[in-house]
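Next comes start_15.cif, a file with mmCIF, C-alpha atoms.
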data_work
loop_
_atom_site.label_atom_id
_atom_site.label_comp_id
_atom_site.auth_asym_id
_atom_site.auth_seq_id
_atom_site.Cartn_x
_atom_site.Cartn_y
_atom_site.Cartn_z
CA MET A 1 88.93 -38.67 -37.94
CA PHE A 2 86.52 -35.93 -36.94
CA HIS A 3 87.51 -32.38 -37.16
CA PRO A 4 87.89 -30.73 -33.73
CA MET A 5 85.07 -28.29 -34.59
CA GLU A 6 82.69 -31.18 -35.44
CA GLN A 7 83.53 -32.94 -32.17
CA SER A 8 82.77 -29.74 -30.23
CA ALA A 9 79.39 -29.31 -31.99
CA LYS A 10 78.34 -32.94 -31.25
CA ARG A 11 79.28 -32.49 -27.58
CA SER A 12 77.19 -29.32 -27.34
CA HIS A 13 74.20 -31.04 -28.98
CA SER A 14 74.45 -33.95 -26.48
CA LEU A 15 74.50 -31.52 -23.56
CA LEU A 16 71.44 -29.67 -24.89
CA HIS A 17 69.53 -32.87 -25.53
CA PHE A 18 70.20 -34.33 -22.09
CA PRO A 19 67.76 -32.12 -20.08
CA PHE A 20 65.02 -32.92 -22.57
CA LEU A 21 65.57 -36.64 -22.10
CA GLU A 22 65.53 -36.17 -18.33
CA LEU A 23 62.20 -34.29 -18.50
CA GLN A 24 60.68 -37.02 -20.64
CA HIS A 25 61.85 -39.65 -18.19
CA LEU A 26 60.47 -37.66 -15.24
CA ARG A 27 57.08 -37.25 -16.94
CA ARG A 28 56.83 -40.99 -17.69
CA SER A 29 57.75 -41.78 -14.09
CA THR A 30 55.13 -39.38 -12.75
CA ILE A 31 52.39 -40.79 -14.97
CA SER A 32 53.35 -44.32 -13.96
CA LEU A 33 53.21 -43.32 -10.29
CA LEU A 34 49.76 -41.77 -10.68
CA PHE A 35 48.38 -44.83 -12.43
CA SER A 36 49.77 -47.03 -9.68
CA LEU A 37 47.87 -45.10 -6.95
CA PRO A 38 44.59 -46.63 -5.67
CA THR A 39 41.23 -45.19 -6.86
CA SER A 40 40.27 -44.24 -3.30
CA PHE A 41 43.09 -41.67 -3.28
CA PHE A 42 41.55 -39.83 -6.23
CA ALA A 43 38.10 -39.98 -4.63
CA LEU A 44 39.49 -38.41 -1.45
CA LEU A 45 41.24 -35.69 -3.45
CA LEU A 46 38.06 -34.90 -5.37
CA LEU A 47 36.07 -34.69 -2.13
CA LEU A 48 38.57 -32.21 -0.66
CA LEU A 49 38.39 -30.03 -3.78
CA LEU A 50 34.58 -30.00 -3.69
CA SER A 51 34.57 -29.09 0.01
CA TYR A 52 36.92 -26.17 -0.60
CA HIS A 53 34.80 -24.95 -3.50
CA ALA A 54 31.62 -25.11 -1.44
CA PHE A 55 33.24 -23.13 1.36
CA THR A 56 34.37 -20.35 -0.94
CA VAL A 57 30.95 -20.10 -2.66
CA PHE A 58 28.61 -20.23 0.35
CA ARG A 59 30.61 -18.49 3.04
CA VAL A 60 29.04 -15.34 4.57
CA HIS A 61 31.19 -12.41 5.46
CA VAL A 62 29.86 -10.35 8.37
CA PRO A 63 31.87 -7.16 8.70
CA LYS A 64 32.61 -5.59 12.03
CA PRO A 65 30.05 -3.02 13.08
CA PRO A 66 31.23 0.48 12.22
CA HIS A 67 31.92 2.83 15.07
CA ASN A 68 29.51 5.72 15.46
CA LYS A 69 28.11 5.30 11.95
CA PRO A 70 24.34 4.75 11.51
CA LEU A 71 23.12 2.08 9.09
CA LEU A 72 20.89 4.40 7.07
CA PRO A 73 20.37 8.14 6.93
CA SER A 74 17.71 9.28 9.35
CA PRO A 75 14.55 11.01 8.18
CA ALA A 76 16.12 14.22 9.46
CA THR A 77 18.81 13.84 6.80
CA LEU A 78 16.48 12.66 4.06
CA PHE A 79 13.71 15.18 4.55
CA ASN A 80 15.34 17.81 6.71
CA PHE A 81 12.67 16.89 9.24
CA SER A 82 12.95 15.57 12.76
CA SER A 83 13.40 11.81 12.92
CA SER A 84 10.63 9.59 14.22
CA SER A 85 11.34 7.34 17.18
CA ASN A 86 8.57 5.02 15.98
CA SER A 87 10.50 3.79 12.97
CA PRO A 88 11.70 0.18 13.49
CA LEU A 89 14.85 0.97 11.51
CA PHE A 90 16.12 2.99 14.44
CA LYS A 91 15.21 0.46 17.13
CA ASN A 92 17.04 -2.67 15.92
CA PRO A 93 20.69 -2.63 17.07
CA HIS A 94 21.53 -5.64 14.88
CA LEU A 95 21.01 -3.74 11.63
CA ALA A 96 24.47 -2.19 11.96
CA LEU A 97 25.96 -5.65 11.38
CA LEU A 98 24.30 -5.77 7.97
CA ARG A 99 25.74 -2.51 6.71
CA ASN A 100 27.58 -4.09 3.78
CA SER A 101 25.54 -7.29 3.52
CA THR A 102 22.85 -8.21 1.00
CA VAL A 103 20.09 -7.64 3.58
CA GLY A 104 21.41 -4.19 4.43
CA PHE A 105 21.64 -3.35 0.74
CA SER A 106 18.05 -4.54 0.21
CA LEU A 107 16.77 -2.42 3.10
CA SER A 108 18.68 0.55 1.73
CA ILE A 109 17.08 0.09 -1.69
CA GLN A 110 13.57 -0.24 -0.20
CA ARG A 111 14.01 2.88 1.92
CA SER A 112 15.48 4.75 -1.04
CA ARG A 113 12.44 3.85 -3.14
CA ARG A 114 10.05 4.99 -0.40
CA VAL A 115 11.96 8.24 -0.01
CA LYS A 116 11.86 8.89 -3.77
CA LYS A 117 8.13 8.06 -3.84
CA HIS A 118 7.36 10.49 -1.00
CA LYS A 119 9.55 13.19 -2.54
CA ARG A 120 7.62 12.81 -5.80
CA GLY A 121 4.38 13.08 -3.81
CA LEU A 122 5.60 16.21 -2.06
CA ARG A 123 6.72 17.77 -5.34
CA SER A 124 3.29 16.99 -6.76
CA VAL A 125 1.57 18.61 -3.79
CA ARG A 126 3.85 21.66 -3.87
CA SER A 127 3.32 22.15 -7.59
CA GLU A 128 -0.43 21.49 -7.38
CA GLN A 129 -1.56 24.74 -8.93
CA PRO A 130 -5.04 24.87 -10.45
CA HIS A 131 -5.06 25.29 -14.21
CA PHE A 132 -8.13 27.51 -13.79
CA PRO A 133 -9.20 30.10 -11.22
CA VAL A 134 -9.23 28.85 -7.63
CA SER A 135 -13.03 28.88 -7.52
CA LEU A 136 -13.39 26.46 -10.44
CA PHE A 137 -13.64 23.38 -8.19
CA HIS A 138 -16.46 25.00 -6.24
CA ALA A 139 -18.11 26.30 -9.40
CA ARG A 140 -18.09 22.89 -11.09
CA LEU A 141 -19.30 21.12 -7.97
CA LYS A 142 -22.03 23.69 -7.31
CA ALA A 143 -23.22 23.51 -10.90
CA PHE A 144 -23.36 19.71 -10.75
CA LEU A 145 -25.29 19.61 -7.49
CA ASN A 146 -27.66 22.45 -8.41
CA ASN A 147 -28.44 21.01 -11.82
CA SER A 148 -29.26 17.74 -10.09
CA SER A 149 -32.04 19.26 -8.03
CA SER A 150 -33.68 15.89 -7.45
CA CYS A 151 -30.67 14.50 -5.50
CA LYS A 152 -32.09 12.66 -2.53
CA VAL A 153 -28.68 11.66 -1.20
CA ARG A 154 -25.25 13.19 -1.84
CA PHE A 155 -22.30 10.79 -2.04
CA PHE A 156 -18.55 11.38 -2.19
CA MET A 157 -15.72 9.02 -3.11
CA THR A 158 -12.00 9.70 -3.42
CA TRP A 159 -9.66 7.90 -5.83
CA ILE A 160 -5.94 8.58 -5.37
CA SER A 161 -4.63 5.70 -7.50
CA PRO A 162 -3.82 5.66 -11.23
CA LEU A 163 -6.73 5.37 -13.65
CA LYS A 164 -5.82 1.82 -14.69
CA ALA A 165 -6.39 0.65 -11.11
CA PHE A 166 -10.06 1.69 -11.23
CA GLY A 167 -11.38 -1.72 -12.26
CA GLU A 168 -14.46 -3.92 -12.23
CA ARG A 169 -14.78 -4.07 -8.45
CA GLU A 170 -14.82 -0.28 -8.16
CA LEU A 171 -17.38 -0.03 -10.98
CA VAL A 172 -19.60 -2.59 -9.23
CA SER A 173 -19.32 -0.48 -6.07
CA VAL A 174 -20.67 2.51 -8.04
CA GLU A 175 -23.41 0.30 -9.53
CA SER A 176 -24.44 -0.90 -6.06
CA LEU A 177 -24.66 2.70 -4.88
CA PHE A 178 -27.05 3.67 -7.68
CA LYS A 179 -28.98 0.40 -7.36
CA SER A 180 -29.95 1.42 -3.82
CA HIS A 181 -30.04 5.18 -4.54
CA PRO A 182 -31.15 5.75 -8.15
CA GLU A 183 -31.77 9.46 -7.42
CA ALA A 184 -28.42 10.04 -5.72
CA CYS A 185 -25.57 12.28 -6.86
CA LEU A 186 -22.05 10.86 -6.73
CA VAL A 187 -18.91 13.04 -6.79
CA ILE A 188 -15.64 11.14 -7.25
CA VAL A 189 -12.80 13.45 -6.22
CA SER A 190 -9.90 12.19 -8.30
CA LYS A 191 -7.22 13.70 -10.49
CA SER A 192 -6.84 10.54 -12.62
CA LEU A 193 -10.58 10.10 -13.24
CA ASP A 194 -11.05 13.77 -14.11
CA SER A 195 -9.78 13.13 -17.64
CA TYR A 196 -11.01 12.05 -21.04
CA ALA A 197 -10.27 8.39 -20.25
CA GLY A 198 -12.02 8.72 -16.89
CA THR A 199 -15.06 10.25 -18.58
CA GLN A 200 -15.25 7.23 -20.87
CA ILE A 201 -15.19 4.88 -17.88
CA LEU A 202 -18.13 6.69 -16.25
CA ARG A 203 -20.04 7.27 -19.50
CA PRO A 204 -22.36 4.19 -19.12
CA PHE A 205 -23.71 5.65 -15.87
CA VAL A 206 -24.26 9.12 -17.33
CA SER A 207 -25.82 7.67 -20.48
CA ASN A 208 -28.34 5.80 -18.33
CA GLY A 209 -29.37 8.93 -16.42
CA PHE A 210 -27.29 8.44 -13.26
CA ARG A 211 -25.72 11.57 -11.77
CA VAL A 212 -21.99 11.03 -11.37
CA MET A 213 -18.98 13.28 -11.98
CA ALA A 214 -15.23 13.04 -11.44
CA ILE A 215 -13.39 16.18 -10.39
CA ALA A 216 -9.74 16.81 -9.51
CA PRO A 217 -9.30 18.11 -5.95
CA ASP A 218 -8.40 21.71 -5.20
CA PHE A 219 -6.80 21.12 -1.81
CA GLY A 220 -6.37 24.83 -1.15
CA TYR A 221 -10.10 25.45 -1.53
CA ILE A 222 -11.30 22.27 0.19
CA PHE A 223 -9.03 22.75 3.25
CA LYS A 224 -9.55 26.51 3.53
CA ASP A 225 -10.66 27.86 6.93
CA THR A 226 -10.05 24.55 8.72
CA HIS A 227 -7.13 23.09 10.67
CA ALA A 228 -6.36 21.12 7.52
CA GLU A 229 -5.32 24.35 5.78
CA THR A 230 -2.48 25.01 8.25
CA TRP A 231 -1.31 21.40 8.15
CA PHE A 232 -1.35 21.31 4.34
CA ASN A 233 0.64 24.56 4.08
CA ARG A 234 3.25 23.15 6.47
CA LEU A 235 3.40 19.99 4.35
CA LYS A 236 4.03 22.00 1.18
CA GLU A 237 6.74 24.00 2.96
CA GLY A 238 8.51 20.79 4.01
CA ASN A 239 7.73 21.16 7.71
CA VAL A 240 5.71 17.94 8.00
CA ASN A 241 7.35 14.53 7.78
CA PRO A 242 5.09 12.49 5.45
CA GLY A 243 6.50 9.25 6.92
CA GLU A 244 6.53 5.83 5.33
CA VAL A 245 2.78 5.33 4.89
CA SER A 246 1.52 6.48 1.49
CA LEU A 247 1.04 10.25 1.49
CA GLY A 248 -1.85 9.80 -0.94
CA GLN A 249 -3.60 7.51 1.52
CA ASN A 250 -3.27 10.04 4.33
CA LEU A 251 -4.44 12.86 2.06
CA SER A 252 -7.49 10.72 1.25
CA ASN A 253 -8.16 10.32 4.99
CA LEU A 254 -8.15 14.10 5.39
CA LEU A 255 -9.92 14.84 2.13
CA ARG A 256 -13.04 12.82 3.02
CA LEU A 257 -13.37 14.67 6.33
CA ALA A 258 -12.96 18.09 4.73
CA LEU A 259 -15.42 17.32 1.90
CA LEU A 260 -18.14 16.30 4.35
CA TYR A 261 -17.39 19.28 6.59
CA LYS A 262 -17.60 21.67 3.64
CA PHE A 263 -20.55 20.18 1.77
CA GLY A 264 -22.22 17.52 3.94
CA GLY A 265 -23.38 14.11 2.68
CA THR A 266 -22.11 10.54 2.65
CA TYR A 267 -18.59 9.32 2.03
CA ILE A 268 -17.89 5.70 1.00
CA ASP A 269 -14.71 3.91 -0.05
CA ALA A 270 -14.54 2.49 -3.56
CA ASP A 271 -14.51 -1.07 -2.16
CA VAL A 272 -17.85 -0.74 -0.33
CA MET A 273 -20.84 -2.62 -1.76
CA VAL A 274 -24.07 -0.80 -0.91
CA LEU A 275 -27.00 -3.07 -0.08
CA LYS A 276 -29.71 -0.76 1.26
CA SER A 277 -30.70 2.90 1.17
CA PHE A 278 -28.85 5.27 3.51
CA SER A 279 -31.61 7.87 3.29
CA LYS A 280 -32.68 7.41 6.92
CA LEU A 281 -29.12 7.54 8.30
CA ARG A 282 -27.78 10.83 9.66
CA ASN A 283 -24.53 11.75 11.40
CA THR A 284 -23.50 8.12 11.49
CA ILE A 285 -20.27 6.13 11.89
CA GLY A 286 -19.88 2.36 11.78
CA ALA A 287 -18.05 0.25 14.35
CA GLN A 288 -15.51 -2.19 12.95
CA ASN A 289 -15.14 -4.33 16.06
CA PHE A 290 -17.29 -4.93 19.12
CA ASP A 291 -16.04 -6.03 22.54
CA ALA A 292 -18.65 -8.38 23.95
CA LYS A 293 -17.07 -8.29 27.43
CA ILE A 294 -17.71 -4.59 27.92
CA GLY A 295 -20.67 -4.39 25.55
CA LYS A 296 -19.10 -1.57 23.52
CA TRP A 297 -17.28 -1.04 20.24
CA SER A 298 -13.50 -1.36 20.37
CA ARG A 299 -12.69 0.22 17.00
CA LEU A 300 -14.47 2.44 14.49
CA ASN A 301 -13.73 2.82 10.78
CA ASN A 302 -13.84 5.66 8.25
CA ALA A 303 -14.79 3.73 5.07
CA VAL A 304 -18.41 4.94 5.49
CA LEU A 305 -19.17 8.36 7.01
CA ILE A 306 -22.55 10.15 6.95
CA PHE A 307 -22.61 13.73 8.29
CA ASP A 308 -24.31 17.08 8.03
CA LYS A 309 -22.37 20.06 6.76
CA LYS A 310 -20.12 21.74 9.39
CA HIS A 311 -20.82 19.02 11.96
CA SER A 312 -18.88 19.55 15.20
CA LEU A 313 -17.50 16.00 15.18
CA LEU A 314 -16.02 16.50 11.71
CA PHE A 315 -14.34 19.66 13.02
CA LYS A 316 -12.76 17.61 15.81
CA PHE A 317 -11.64 14.91 13.36
CA ILE A 318 -9.85 17.47 11.17
CA GLU A 319 -8.30 19.14 14.19
CA GLU A 320 -7.01 15.80 15.48
CA PHE A 321 -5.51 15.01 12.08
CA ALA A 322 -3.61 18.30 11.97
CA LEU A 323 -2.38 18.14 15.56
CA THR A 324 -1.41 14.45 15.83
CA PHE A 325 -0.42 13.49 12.26
CA ASP A 326 1.98 10.56 12.12
CA GLY A 327 2.94 9.27 8.68
CA ASN A 328 4.76 6.21 10.03
CA LYS A 329 1.78 4.43 11.61
CA TRP A 330 -0.76 2.80 9.33
CA GLY A 331 -4.31 3.76 10.35
CA HIS A 332 -3.19 6.41 12.84
CA ASN A 333 -4.67 9.20 10.71
CA GLY A 334 -7.69 7.13 9.59
CA PRO A 335 -9.67 4.53 11.55
CA TYR A 336 -7.65 4.99 14.74
CA LEU A 337 -8.16 8.76 14.58
CA ILE A 338 -11.93 8.32 14.33
CA SER A 339 -11.84 5.93 17.30
CA ARG A 340 -9.69 8.27 19.45
CA VAL A 341 -11.86 11.34 18.93
CA VAL A 342 -15.20 9.56 19.41
CA SER A 343 -13.92 8.02 22.65
CA ARG A 344 -13.10 11.49 23.97
CA VAL A 345 -16.28 13.32 22.96
CA SER A 346 -18.88 10.58 23.60
CA GLY A 347 -21.51 11.88 26.00
CA ARG A 348 -20.39 15.50 25.75
CA PRO A 349 -22.99 18.12 24.78
CA GLY A 350 -22.89 19.45 21.23
CA PHE A 351 -21.90 16.14 19.62
CA ASN A 352 -24.96 14.47 18.20
CA PHE A 353 -24.08 11.30 16.28
CA THR A 354 -24.78 7.56 16.10
CA VAL A 355 -22.38 4.62 16.12
CA LEU A 356 -23.87 1.62 14.33
CA PRO A 357 -22.77 -1.95 15.18
CA PRO A 358 -20.25 -3.77 12.96
CA SER A 359 -23.01 -5.58 11.08
CA ALA A 360 -24.11 -2.26 9.50
CA PHE A 361 -21.04 -1.75 7.27
CA TYR A 362 -18.36 -4.22 8.42
CA PRO A 363 -20.09 -7.59 8.96
CA VAL A 364 -16.65 -9.20 8.62
CA ASP A 365 -13.34 -7.49 9.34
CA TRP A 366 -10.19 -7.79 7.22
CA ARG A 367 -9.17 -11.06 8.90
CA GLY A 368 -12.35 -12.85 7.80
CA ILE A 369 -12.96 -11.30 4.38
CA ARG A 370 -11.53 -14.33 2.53
CA SER A 371 -14.46 -16.42 3.69
CA LEU A 372 -16.93 -14.24 1.74
CA PHE A 373 -15.12 -14.98 -1.53
CA ARG A 374 -15.34 -18.78 -1.17
CA ASP A 375 -18.14 -21.15 -2.06
CA GLU A 376 -18.72 -22.56 1.41
CA VAL A 377 -22.44 -21.99 1.82
CA ARG A 378 -22.75 -25.28 3.70
CA SER A 379 -20.66 -23.83 6.52
CA LYS A 380 -22.94 -22.99 9.43
CA TRP A 381 -20.94 -19.82 10.15
CA LEU A 382 -21.32 -18.59 6.56
CA VAL A 383 -25.02 -19.40 6.44
CA ASN A 384 -25.54 -17.37 9.62
CA LYS A 385 -23.32 -14.58 8.29
CA MET A 386 -25.24 -14.46 5.01
CA GLU A 387 -28.50 -14.17 6.93
CA GLN A 388 -27.06 -11.43 9.15
CA ILE A 389 -25.88 -9.43 6.12
CA ARG A 390 -29.30 -9.78 4.49
CA LYS A 391 -31.14 -8.51 7.58
CA GLU A 392 -28.78 -6.04 9.24
CA SER A 393 -26.22 -4.68 6.76
CA PHE A 394 -26.53 -1.42 4.87
CA ALA A 395 -23.26 -2.16 3.04
CA VAL A 396 -20.30 -4.55 3.04
CA HIS A 397 -16.73 -3.31 3.10
CA LEU A 398 -14.59 -5.69 1.01
CA TRP A 399 -11.22 -4.59 2.45
CA ASN A 400 -9.48 -4.29 -0.93
CA ARG A 401 -6.11 -4.06 0.77
CA HIS A 402 -6.51 -7.72 1.73
CA SER A 403 -8.93 -9.03 -0.90
CA ARG A 404 -7.92 -7.34 -4.16
CA LYS A 405 -6.18 -10.44 -5.50
CA LEU A 406 -8.89 -12.88 -4.39
CA GLU A 407 -11.01 -14.48 -7.08
CA VAL A 408 -14.77 -14.18 -6.68
CA VAL A 409 -15.85 -17.83 -6.63
CA LYS A 410 -19.23 -18.66 -8.15
CA GLY A 411 -21.74 -19.26 -5.38
CA SER A 412 -19.84 -17.25 -2.75
CA ILE A 413 -21.43 -14.48 -0.68
CA VAL A 414 -19.55 -11.79 -2.65
CA ASP A 415 -20.74 -13.36 -5.89
CA GLY A 416 -24.29 -13.17 -4.62
CA ILE A 417 -23.89 -9.52 -3.58
CA ILE A 418 -22.44 -8.53 -6.96
CA SER A 419 -25.18 -10.38 -8.84
CA SER A 420 -27.93 -8.71 -6.83
CA ARG A 421 -26.49 -5.17 -6.78
CA CYS A 422 -25.12 -4.74 -10.31
CA ILE A 423 -26.89 -2.58 -12.90
CA PHE A 424 -25.09 -3.54 -16.10
CA CYS A 425 -24.89 -7.29 -15.37
CA ASN A 426 -26.36 -8.39 -18.69
CA THR A 427 -24.84 -5.68 -20.88
#

Will you turn the file into structure tokens for me?
Amino acid sequence: MFHPMEQSAKRSHSLLHFPFLELQHLRRSTISLLFSLPTSFFALLLLLLLSYHAFTVFRVHVPKPPHNKPLLPSPATLFNFSSSSNSPLFKNPHLALLRNSTVGFSLSIQRSRRVKKHKRGLRSVRSEQPHFPVSLFHARLKAFLNNSSSCKVRFFMTWISPLKAFGERELVSVESLFKSHPEACLVIVSKSLDSYAGTQILRPFVSNGFRVMAIAPDFGYIFKDTHAETWFNRLKEGNVNPGEVSLGQNLSNLLRLALLYKFGGTYIDADVMVLKSFSKLRNTIGAQNFDAKIGKWSRLNNAVLIFDKKHSLLFKFIEEFALTFDGNKWGHNGPYLISRVVSRVSGRPGFNFTVLPPSAFYPVDWRGIRSLFRDEVRSKWLVNKMEQIRKESFAVHLWNRHSRKLEVVKGSIVDGIISSRCIFCNT
């Protein structure tokens, strides 16, 4: 006989054990059911899971356009300037849809970087105080030119980029200049080159008797008593919108005009290969394009400018820059400016200058420059072009903006130009 307490304990144990047995039975039944299902069922289930996963990963969420909220801050907000109606960011109504999307975020980052870059440029301009008396730029330049009394031709270049960007192509450009003008004087107006490292770069020329110097610009002195002075002061005060085009590039456009107006001579870009002497050229501009239908140039360029000191056309160029500056249009303050002013003053008394055909400095424009870097001398077009350059060109503009990354192929026209115009080829 069991004691009543023992019987009660056994009954409680059986009741506790029963749910466990039921769960075990249910699990076995479920597993048996799953194994009895056809394989196609599992394939269908897997396909549904994959489809759901793909939807969640690759779906694109386009938020509703915000009401009365612009996509990006206007230039008026960023610079405290008036906004420009020319900016494409304010003409595309669909950009509001991308406010929180990846594309919108990318545009915001790009604009933010441009804004920071221009603000740094403005801070640099505003804080551009000469370390020496204001007249030092003039004193150094005067001493250089006077000590080089045998200068037959006076050349200017500007270099607004970092020193490390002044590479082999720019050095060959300087070599080509002195190859055609061994008695010339070259002034490179550049803050980065006016340094110990810059002096070392130019030392081979100086050591071989060539007259070249790098000097940091004194904008206050160079722009003084011209329309550029007023524009530059307004820029420093924050009353000029520098726009999205590089401020340095636009300053270079103005600087070359002011240098020639102040001192007279020849300006060339650092990507121009000089082929012949400029000594017989005076008050000259080169056409970039020629319209055969009307028998007249359609666009001029400012990569090569040759002018007397205080020339009236230079005065008009500087005035146009100050009055119509637009930092959002590439070329507006450079080649297009030259073209606009010349179109207006052509034929008027008091403006004595010459416009040379494209073959003089721009035998190919930026769209065809690639062809000069290739070894395609069998091409009839290239053979004719090579002959034209040999006979008619004073220089060749290499359009670095479009050709900087191109390799100079052995046997190409550019290779031939470099080989014939270099000075230190075998050193």

Quiz item: So, counting all atoms listed in the file, which residue among A:Leu48, A:Phe307, A:Ala322, A:Asp194 is closest to Asn233 (chain A)?
Solution: A:Ala322

Quiz item: Leaving out Leu323 (chain A) and any residue of its chain fewer than 6 positions from it, which residues lie within 10 Å of it when counting all atoms listed in the file, given as a VMD selection string?
Solution: chain A and resid 227 to 228 231

Exercise. To verify the selection step, state as an NGL selection string which residues the PyMOL selection byres ((chain A and resi 335-346) around 12) yields on this input.
Key: :A and (250 or 253-254 or 257 or 284-289 or 296-305 or 312-326 or 329-334 or 347-355)

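All protein, DNA and RNA residues at most 12 Å from (-29.6, -1.4, -5.6) are Val172, Ser173, Val174, Glu175, Ser176, Leu177, Phe178, Lys179, Ser180, His181, Pro182, Glu183, Ala184, Met273, Val274, Leu275, Lys276, Ser277, Phe278, Phe394, Ala395, Ile417, Ile418, Ser419, Ser420, Arg421, Cys422, Ile423 and Phe424 of chain A, using only C-alpha atoms.
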
Quiz item: Which of these, A:Thr226, A:Asn239, A:Ser252, A:Thr266, has the shortest distance to Ser190 (chain A) once you count all atoms listed in the file?
Solution: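 Going through A:Thr226, A:Asn239, A:Ser252, A:Thr266 one by one, the smallest distance to Ser190 (chain A) is for A:Ser252.
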
At a cut-off of 9 Å, using all atoms listed in the file, what residues contact region 366-374 of chain A? Leave out same-chain residues fewer than 5 positions from it and give the result as a CSV table (one decimal) with C-alpha atoms, keeping the file's coordinate frame.
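The new file selection34.csv reads:
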chain,number,residue,atom,x,y,z
A,382,LEU,CA,-21.3,-18.6,6.6
A,386,MET,CA,-25.2,-14.5,5.0
A,397,HIS,CA,-16.7,-3.3,3.1
A,398,LEU,CA,-14.6,-5.7,1.0
A,399,TRP,CA,-11.2,-4.6,2.4
A,400,ASN,CA,-9.5,-4.3,-0.9
A,401,ARG,CA,-6.1,-4.1,0.8
A,402,HIS,CA,-6.5,-7.7,1.7
A,403,SER,CA,-8.9,-9.0,-0.9
A,406,LEU,CA,-8.9,-12.9,-4.4
A,407,GLU,CA,-11.0,-14.5,-7.1
A,408,VAL,CA,-14.8,-14.2,-6.7
A,409,VAL,CA,-15.8,-17.8,-6.6
A,410,LYS,CA,-19.2,-18.7,-8.2
A,411,GLY,CA,-21.7,-19.3,-5.4
A,412,SER,CA,-19.8,-17.2,-2.8
A,413,ILE,CA,-21.4,-14.5,-0.7
A,414,VAL,CA,-19.6,-11.8,-2.6
A,415,ASP,CA,-20.7,-13.4,-5.9

Exercise. For CA of Lys309 (chain A) and CA of Lys224 (chain A), quote the distance in Å rounded to one decimal.
Key: 14.7 Å

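Between CA of Val187 (chain A) and CA of Ile215 (chain A) there is a distance of 7.3 Å.
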
For region 139-154 of chain A, what centre and edge lengths in Å (one decimal) does the axis-aligned box get once 3 Å is added on each side of all its listed atoms, as JSON?
{"center_x": -25.9, "center_y": 19.0, "center_z": -6.5, "size_x": 21.6, "size_y": 20.6, "size_z": 16.6}

Exercise. Apply the PyMOL selection byres ((chain A and resi 210) around 9) to the displayed file and report the matching residues as an NGL selection string.
Key: :A and (178 or 182-186 or 204-209 or 211-212)

Please write the residues from the selection above to a file, keeping C-alpha atoms, as a short mmCIF file (atom, residue, chain, number, x, y, z; two decimals), in the frame of the given file.
data_model
loop_
_atom_site.label_atom_id
_atom_site.label_comp_id
_atom_site.auth_asym_id
_atom_site.auth_seq_id
_atom_site.Cartn_x
_atom_site.Cartn_y
_atom_site.Cartn_z
CA PHE A 178 -27.05 3.67 -7.68
CA PRO A 182 -31.15 5.75 -8.15
CA GLU A 183 -31.77 9.46 -7.42
CA ALA A 184 -28.42 10.04 -5.72
CA CYS A 185 -25.57 12.28 -6.86
CA LEU A 186 -22.05 10.86 -6.73
CA PRO A 204 -22.36 4.19 -19.12
CA PHE A 205 -23.71 5.65 -15.87
CA VAL A 206 -24.26 9.12 -17.33
CA SER A 207 -25.82 7.67 -20.48
CA ASN A 208 -28.34 5.80 -18.33
CA GLY A 209 -29.37 8.93 -16.42
CA ARG A 211 -25.72 11.57 -11.77
CA VAL A 212 -21.99 11.03 -11.37
#

Quiz item: Any idea what the distance is between CA of Pro242 (chain A) and CA of Phe219 (chain A)?
Solution: 16.4 Å

Self-check item: Contacts of Ala214 (chain A) within 12 Å, only C-alpha atoms, excl. fewer than 4 positions in-chain, as a PyMOL selection string
Solution: chain A and resi 137+140-141+144+155-160+163+185-203+206

Self-check item: Minimum-distance residue to Gln388 (chain A), chosen among A:Gly248, A:Pro358, A:Gly238, A:Gly295 (using all atoms listed in the file)
Solution: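 Closest residue, counting all atoms listed in the file: A:Pro358.
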
Exercise. Translate the PyMOL selection byres ((chain A and resi 359) around 7), as applied to the file shown, into an explicit residue set as a list in words.
Key: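 Going through the file, the PyMOL selection byres ((chain A and resi 359) around 7) ends up selecting Pro357, Pro358, Ala360, Phe361, Tyr362, Pro363, Ile389, Glu392 and Ser393 of chain A.
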